[in-house]
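Colleague: The following block contains the structure, expressed as structure tokens.
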Amino acid sequence: MSTSNLHVTRTSGATKTAALLGLIVLIVLVAAPYWAGRADMRLMGEIFLYLALASLWNLMAGYAGLVSVGQQAYVGFGGYMLFALTMFGGLHPIAAIVLAGALGAVIAVPVALLIFRLRGAYFAIGTWVIAEVFRLSFAQVSALGGGSGSSLPVGIVRSLASSRAGREHLSYWLALASAVIVIAAVYFFLRSRNGLALTAIRDNELAAGSLGIDIWRTKFIVYIVTASLTAMIGALIFLQKLRISPDAAFSVNDWTAFVIFIVVIGGIGTIEGPIIGTLIFFLLRETLADLGTIYLMVLGVVAIVIMLKAPNGIWGLLRSRFDLELFPLSYRVKPNKKG
Amino acid sequence: MEWVNAVVQGSLLGGLYALFAAGLSLIFGVMRLVNIAHGDLIVLGAYLGLTVTTLLGLHPLVALILVVPTMALIGYVLQRGILNQTLGKDILPPLLVTFGLSVIIQNALLETYSADPQKMNAGALETASVSVGGLSLGLLPLLTFGIAIVVIASLQWMFYRTALGRAFRATSDNQEIAQLMGLNRRHIFGLAMALALGVTAIAGIMLGIRTSFDPSIGGGRLIFGFEAVIIGGLGNLWGTLIGGVILGVAQTIGAKIDPGWQLLAGHIAFLVILAVRPNGLFPRINE
């Protein structure tokens with residue numbers, strides 16, 4: 001067979017089917033206010049926000065090799081920015097969410113310049129220190145309730161939509177949109193020139209560097225973009241909670257531990273992994289949550305076992321067995337069709 | 001005089017932070033492992049101390065005789081059972097596995113001992129003090145500082161003067177060649193973790209006598225230890241003491257300005273040093 005009979009493609013039957021199915025699922029989800037109950041919509045909203053956080057963490061850790069245990073810094077920052085901008089800036093909540101993202105990117109620049117001096121695991125703990133600095137700093141701001149926090153005034157909540165149902169639908173759609181936007185952003189980023197550089201860095205940092213990829217700059221961009229989007233998700237999370245306090249906003253368990261478990265269980269370094277991981281995480285949570293602390297221990301054990309026995313997670317197992325990929329990212333060589 | 005007092009008290013507090021840091025530094029030096037569960041292991045040490053003192057009615061310092069070997073045993077089993085499998089070129093597995101361990105330990109403590117703050121009773125030692133040149137120094141902080149010096153000096157001696165220390169350094173320098181020379185890397189790493197958790201046990205007990213503790217405080221202790229390691233310089237054991245002292249002094253001075261600034265001042269001191277001297281003040285390892 002000569003090479004002229006072959007062509008290189010990213011798409012496959014599976015990616016086309018997945019795209020079609022994904023579209024159908026998306027339409028069904030958009031229509032959820034017409035078929036789902038109030039509690040279900042709340043749960044789904046939470047699932048989408050975790051999916052977005054997990055996809056972002058995965059972009060950093062799985063692709064850029066930036067393992068952060070301090071993403072709660074940006075979740076909390078975004079939440080506090082929502083409160084500050086609406087309460088003192090008089091902004092509409094949705095404008096505040098967008099601006100929170102921009103401010104998140106701005107604040108992430110000096111942070112990155114500082115903690116990029118730390119390597120590997122020390123980088124991880126450095127991010128945690130930053131999150132602590134954020135938490136302690138916001139606890140000092142008495143206008144935002146200091147250490148005990150504050151609630152979003154009723155007027156601001158009403159400005160979102162006048163009826164309770166309207167607000168619930170809107171916050172559901174915002175959560176869904178955030179997950180879709182984040183996954184789409186990660187997908188298009190990975191298909192771009194920068195994404196190619198990132199994938200090269202993931203596979204072999206030394207080789208990527210010798211090909212002329214500016215590793216520091218690529219990682220820097222990923223860090224800033226992730227921080228910005230995480231801040232927006234944080235603003236959304238606290239728009240749903242309507243109450244913020246330093247301990248809740250900068251909780252390492254809620255915004256980092258769970259997210260890491262989701263990504264590790266689902267499969268790190270793939271777009272599909274966080275999706276699967278989020279579903280499994282919430283399935284476990286809804287069935288085991290009554291067990292309280294035991295549930296968290298089970299989660300820890302599952303994550304450790306997966307890391308040791310199947311480091312590529314559940315999606316990694318599926319992919320190696322069935323050669324499956326739902327998002328067309330990697331290139332495949334295929335024979336041309338006749339004719 | 002008040003400021004002198006703050007500096008002196010902060011330096012003594014630094015002894016406790018150096019104890020937090022010594023185990024972390026030792027493990028990193030030997031196997032390049034950063035243990036995210038380190039803080040939770042310190043808290044575990046404190047709780048083991050609490051159990052021993054309440055069950056047997058022993059003084060916390062006497063309880064060390066039981067708690068140190070127990071923690072060392074836990075360390076050896078942990079290293080050989082789980083952590084050895086994570087060591088390799090990729091930094092992700094050790095990081096995520098120790099992160100999982102941290103969550104497991106924290107919640108296991110919560111399940112066993114509840115979220116109520118606990119404290120160990122060390123009797124007269126807690127309040128005793130000596131006056132030196134107009135300053136009143138607590139006997140407990142002095143003792144903690146003294147123990148930190150003894151622990152670091154012994155680790156230093158062990159590292160550079162004993163066969164075990166030679167094995168640690170050899171494995172740290174080149175694992176493959178150390179294996180060829182007949183060292184069992186897995187066993188050596190197990191011993192290093194045992195030693196580190198022995199030190200961690202001491203740190204936990206001193207913490208538990210000094211302040212009240214609950215299962216959730218591990219993360220904070222990890223951060224203090226980590227900051228002391230980085231300020232002092234990677235791989236430098238005496239550096240951890242200097243790092244601990246700098247951190248302690250920054251905290252007490254911060255607290256003097258405004259009580260809400262205590263922890264923040266410590267973190268800011270760390271970030272400033274990171275900005276000015278990214279490798280810490282006295283680095284031994286060039287990574």
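Chain labels run A, B, ... following the order of the structure tokens; each chain numbers its residues from 1, and ligands are numbered from 1 in the order shown.
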Residues of region 14-243 of chain B in strand (DSSP E or B) according to DSSP, as a PyMOL selection string?
Modeller: chain B and resi 118+129-132+135-138+213
Colleague: Pull out every residue of chain A that has at least one atom within 6 Å of chain B, counting only C-alpha atoms, and report them as a ChimeraX atom specification.
Modeller: /A:293,297,300,304
Colleague: According to DSSP computed on the backbone, where in region 72-217 of chain B is there alpha helix (DSSP H)? Give the residues as number ranges by chain.
Modeller: B: 72-81, 92-113, 139-161, 163-173, 175-180, 185-210
Colleague: Tell me, as a VMD selection string, which residues lie within 6 Å of Leu281 (chain B), counting only C-alpha atoms; anything in the same chain fewer than 5 positions away does not count.
Modeller: chain B and resid 231 to 233
Colleague: One number please: CA of Val30 (chain B) to CA of Arg169 (chain B), in Å, one decimal.
Modeller: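 A separation of 6.7 Å between them.
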Colleague: Please provide the set of residues having any atom within 12 Å of region 24-29 of chain A, restricted to only C-alpha atoms, with same-chain residues fewer than 3 positions apart removed, written as a list in words.
Modeller: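 Selected residues are Thr17, Ala18, Ala19, Leu20, Leu21, Ala32, Pro33, Tyr34, Trp35, Ala36, Asp40, Met41, Met44, Gly45, Phe48, His169, Tyr172, Trp173, Ala175, Leu176, Ala177, Ala179 and Val180 of chain A.
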Colleague: Which residues are close to Glu2 (chain B), i.e. within 12 Å by only C-alpha atoms, leaving aside same-chain residues fewer than 6 positions away? Reply as an mmCIF file with N, CA, C and O atoms, in the first residue's frame.
Modeller:
data_model
loop_
_atom_site.group_PDB
_atom_site.id
_atom_site.type_symbol
_atom_site.label_atom_id
_atom_site.label_comp_id
_atom_site.auth_asym_id
_atom_site.auth_seq_id
_atom_site.Cartn_x
_atom_site.Cartn_y
_atom_site.Cartn_z
ATOM 1 N N VAL B 8 12.033 36.965 70.622
ATOM 2 C CA VAL B 8 12.500 35.791 71.370
ATOM 3 C C VAL B 8 11.428 34.697 71.387
ATOM 4 O O VAL B 8 11.702 33.526 71.094
ATOM 5 N N GLN B 9 10.188 35.102 71.683
ATOM 6 C CA GLN B 9 9.103 34.102 71.709
ATOM 7 C C GLN B 9 8.920 33.474 70.322
ATOM 8 O O GLN B 9 8.679 32.267 70.198
ATOM 9 N N GLY B 134 14.949 40.027 82.252
ATOM 10 C CA GLY B 134 13.713 40.802 82.140
ATOM 11 C C GLY B 134 12.668 40.143 81.270
ATOM 12 O O GLY B 134 11.526 40.578 81.237
ATOM 13 N N LEU B 135 13.052 39.078 80.524
ATOM 14 C CA LEU B 135 12.070 38.368 79.702
ATOM 15 C C LEU B 135 11.619 37.126 80.438
ATOM 16 O O LEU B 135 12.415 36.481 81.123
ATOM 17 N N SER B 136 10.356 36.805 80.280
ATOM 18 C CA SER B 136 9.843 35.598 80.889
ATOM 19 C C SER B 136 9.706 34.532 79.803
ATOM 20 O O SER B 136 8.915 34.691 78.879
ATOM 21 N N THR B 252 5.002 36.082 65.248
ATOM 22 C CA THR B 252 4.770 36.788 66.516
ATOM 23 C C THR B 252 4.805 38.301 66.303
ATOM 24 O O THR B 252 4.047 39.031 66.944
ATOM 25 N N ILE B 253 5.668 38.763 65.384
ATOM 26 C CA ILE B 253 5.679 40.201 65.110
ATOM 27 C C ILE B 253 4.366 40.608 64.448
ATOM 28 O O ILE B 253 3.769 41.634 64.803
ATOM 29 N N LYS B 256 1.743 40.854 66.940
ATOM 30 C CA LYS B 256 1.943 42.028 67.795
ATOM 31 C C LYS B 256 1.284 43.254 67.147
ATOM 32 O O LYS B 256 0.709 44.103 67.831
ATOM 33 N N ILE B 257 1.387 43.338 65.814
ATOM 34 C CA ILE B 257 0.792 44.475 65.110
ATOM 35 C C ILE B 257 -0.731 44.369 65.146
ATOM 36 O O ILE B 257 -1.435 45.330 65.431
#
Colleague: From the options B:Ala128, B:Leu48, B:Ala148, B:Ala22, which residue's atoms come nearest to Leu195 (chain B), counting only C-alpha atoms?
Modeller: B:Ala22
Colleague: Have a look at CA of Ile217 (chain B) and CA of Gly39 (chain B) and let me know their distance in Å, one decimal.
Modeller: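 Interatomic distance, CA of Ile217 (chain B) to CA of Gly39 (chain B): 7.7 Å.
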Colleague: Excluding Trp255 (chain A) and its own-chain neighbours fewer than 5 positions away, which residues fall within 12 Å of it when counting only C-alpha atoms? Please give them as a VMD selection string.
Modeller: chain A and resid 49 to 54 56 to 57 68 to 76 128 131 230 to 231 233 to 234 237 247 to 250 260 to 262
Colleague: Got time to write the residues from that selection, C-alpha atoms, as a PDB file, in the first residue's frame?
Modeller:
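As a result, part-v7.pdb now contains:
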ATOM      1  CA  LEU A  49     -19.908  23.447  38.149  1.00  0.00           C
ATOM      2  CA  TYR A  50     -17.775  20.559  39.403  1.00  0.00           C
ATOM      3  CA  LEU A  51     -17.351  19.341  35.834  1.00  0.00           C
ATOM      4  CA  ALA A  52     -16.055  22.784  34.876  1.00  0.00           C
ATOM      5  CA  LEU A  53     -13.661  22.933  37.838  1.00  0.00           C
ATOM      6  CA  ALA A  54     -12.422  19.413  37.120  1.00  0.00           C
ATOM      7  CA  LEU A  56      -9.814  23.197  34.308  1.00  0.00           C
ATOM      8  CA  TRP A  57      -7.747  21.410  36.932  1.00  0.00           C
ATOM      9  CA  SER A  68      -2.074  22.721  42.069  1.00  0.00           C
ATOM     10  CA  VAL A  69      -3.684  22.053  45.418  1.00  0.00           C
ATOM     11  CA  GLY A  70      -4.608  25.713  45.674  1.00  0.00           C
ATOM     12  CA  GLN A  71      -7.283  26.301  43.068  1.00  0.00           C
ATOM     13  CA  GLN A  72      -9.620  27.210  45.916  1.00  0.00           C
ATOM     14  CA  ALA A  73      -7.726  30.518  45.851  1.00  0.00           C
ATOM     15  CA  TYR A  74      -9.472  31.424  42.599  1.00  0.00           C
ATOM     16  CA  VAL A  75     -12.826  29.868  43.459  1.00  0.00           C
ATOM     17  CA  GLY A  76     -12.934  31.963  46.616  1.00  0.00           C
ATOM     18  CA  TRP A 128      -1.791  26.126  48.814  1.00  0.00           C
ATOM     19  CA  ALA A 131      -4.799  30.116  48.795  1.00  0.00           C
ATOM     20  CA  THR A 230     -11.917  29.216  37.836  1.00  0.00           C
ATOM     21  CA  ALA A 231     -12.687  32.652  39.281  1.00  0.00           C
ATOM     22  CA  ILE A 233     -16.919  29.421  38.202  1.00  0.00           C
ATOM     23  CA  GLY A 234     -16.293  30.537  41.784  1.00  0.00           C
ATOM     24  CA  ILE A 237     -20.912  28.885  42.772  1.00  0.00           C
ATOM     25  CA  ASP A 247     -13.674  29.104  55.251  1.00  0.00           C
ATOM     26  CA  ALA A 248     -16.305  28.076  52.689  1.00  0.00           C
ATOM     27  CA  ALA A 249     -14.822  30.121  49.859  1.00  0.00           C
ATOM     28  CA  PHE A 250     -11.262  28.869  50.278  1.00  0.00           C
ATOM     29  CA  ILE A 260      -8.581  16.063  42.175  1.00  0.00           C
ATOM     30  CA  PHE A 261     -10.467  12.870  43.021  1.00  0.00           C
ATOM     31  CA  ILE A 262     -12.807  13.454  40.093  1.00  0.00           C
TER      32      ILE A 262
END
Colleague: Which one is closest to Gly22 (chain A): A:Ala105, A:Phe282, A:Val157, A:Leu326? Count only C-alpha atoms.
Modeller: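 Looking only at the distances to Gly22 (chain A), the closest residue turns out to be A:Leu326.
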Colleague: Could you check which of A:Ile183, A:Leu136, A:Ala197, A:Val225 is closest to Pro274 (chain A), using only C-alpha atoms?
Modeller: A:Ile183
